[in-house]
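Below: one structure, written as structure tokens.
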Amino acid sequence: MVAKKTAIQDGDGHNPRWRRREVLRCTLADRVTSVVRALHVSEALVRATIPQDLVKVLCVESRTRYKAEAFTQAFLKNSIKPSSYHNLKTMLTHKAVVLGYARPKKDKSKRKRKRAKGLNARQKRAMKIFQIKPEHQRYELFLPLHELWRQYVIDLCNGLKPTCSPQFVQQKLLKADFHGAIITVVRSKCPSYVGATGILVQEFKHIFKIITKEDKLKVIPKRNSVFAVEVNGFVSHIYGSKFEQRASERSAKKFKVRGTIDL
């Protein structure tokens, strides 16, 4: 069995779908015609001459159609800049055309130029930056620095109460800054260093510089020496051989716990 498609027809024998399409076409044609008529009317109004009664009022002289067109073309030619891309063929001949755009990278060399260059080690030694002048080598001048360091350690150890464990205090002191601390040499392979006490004024990688009560600047090597630091009754011993680092590097270092440490 083959089913045959039958078209639905109205009483006059016409398909209603075709009738709707014809109505739509007629409507669109009417709209286009009205738009074209409006354009012609507006163009006619633009090109129409000014009435004689308004010429004296507006103080404008009416021109003929050809003069008006010539004036309009000359005005547009002088006012509008000619486009450089009007001829695509000449533009694309023997020329590179950018199809994609990427943001230009910032020049890092300019940033580097703005940064001020610091002094190297040789220049610092030549300028004697790290040398303390003899008139400044006085014990009483560094007593305020010691008081600041003492308050700094108390705050670092959460008040440094008597109930604090020695291990907690030692872990905090391992990464603390010792500028301003009063240190004492307890043991050393060089007997002349034993018993030296003073305020630490400079700490380098391998040495301590201290000011004694006799206003003398002493340089004590860290290696083969043991130092004692006392804060509020807590006495901690520093093994200089395991302390040969700068203060800035020591704050980020992890120290290993060892049972016995020899000089």
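Each chain of the structure tokens is named A, B, ... in the order shown, its residues numbered from 1; ligands are numbered from 1 in display order.
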
>> Which residues are close to Cys190 (chain A), i.e. within 10 Å by only C-alpha atoms, leaving aside same-chain residues fewer than 6 positions away? Reply as a list of chain:residue names.
In response: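 The residues that qualify are A:Pro221, A:Asn224, A:Ser225.
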
> Hey, can you check how far CA of Gly180 (chain A) sits from CA of Ile211 (chain A)?
Replying inline: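 Taking CA of Gly180 (chain A) and CA of Ile211 (chain A), their separation equals 10.0 Å.
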
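Residue nearest Gln151 (chain A), chosen from A:Cys164, A:Asn120, A:Ser236, A:Ala181 and counting only C-alpha atoms: A:Ala181.
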
>> Give me, as number ranges by chain, the residues of region 108-246 of chain A that a backbone DSSP run labels strand (DSSP E or B).
In response: A: 182-188, 197-203, 207-211, 217-221, 225-231, 234-239
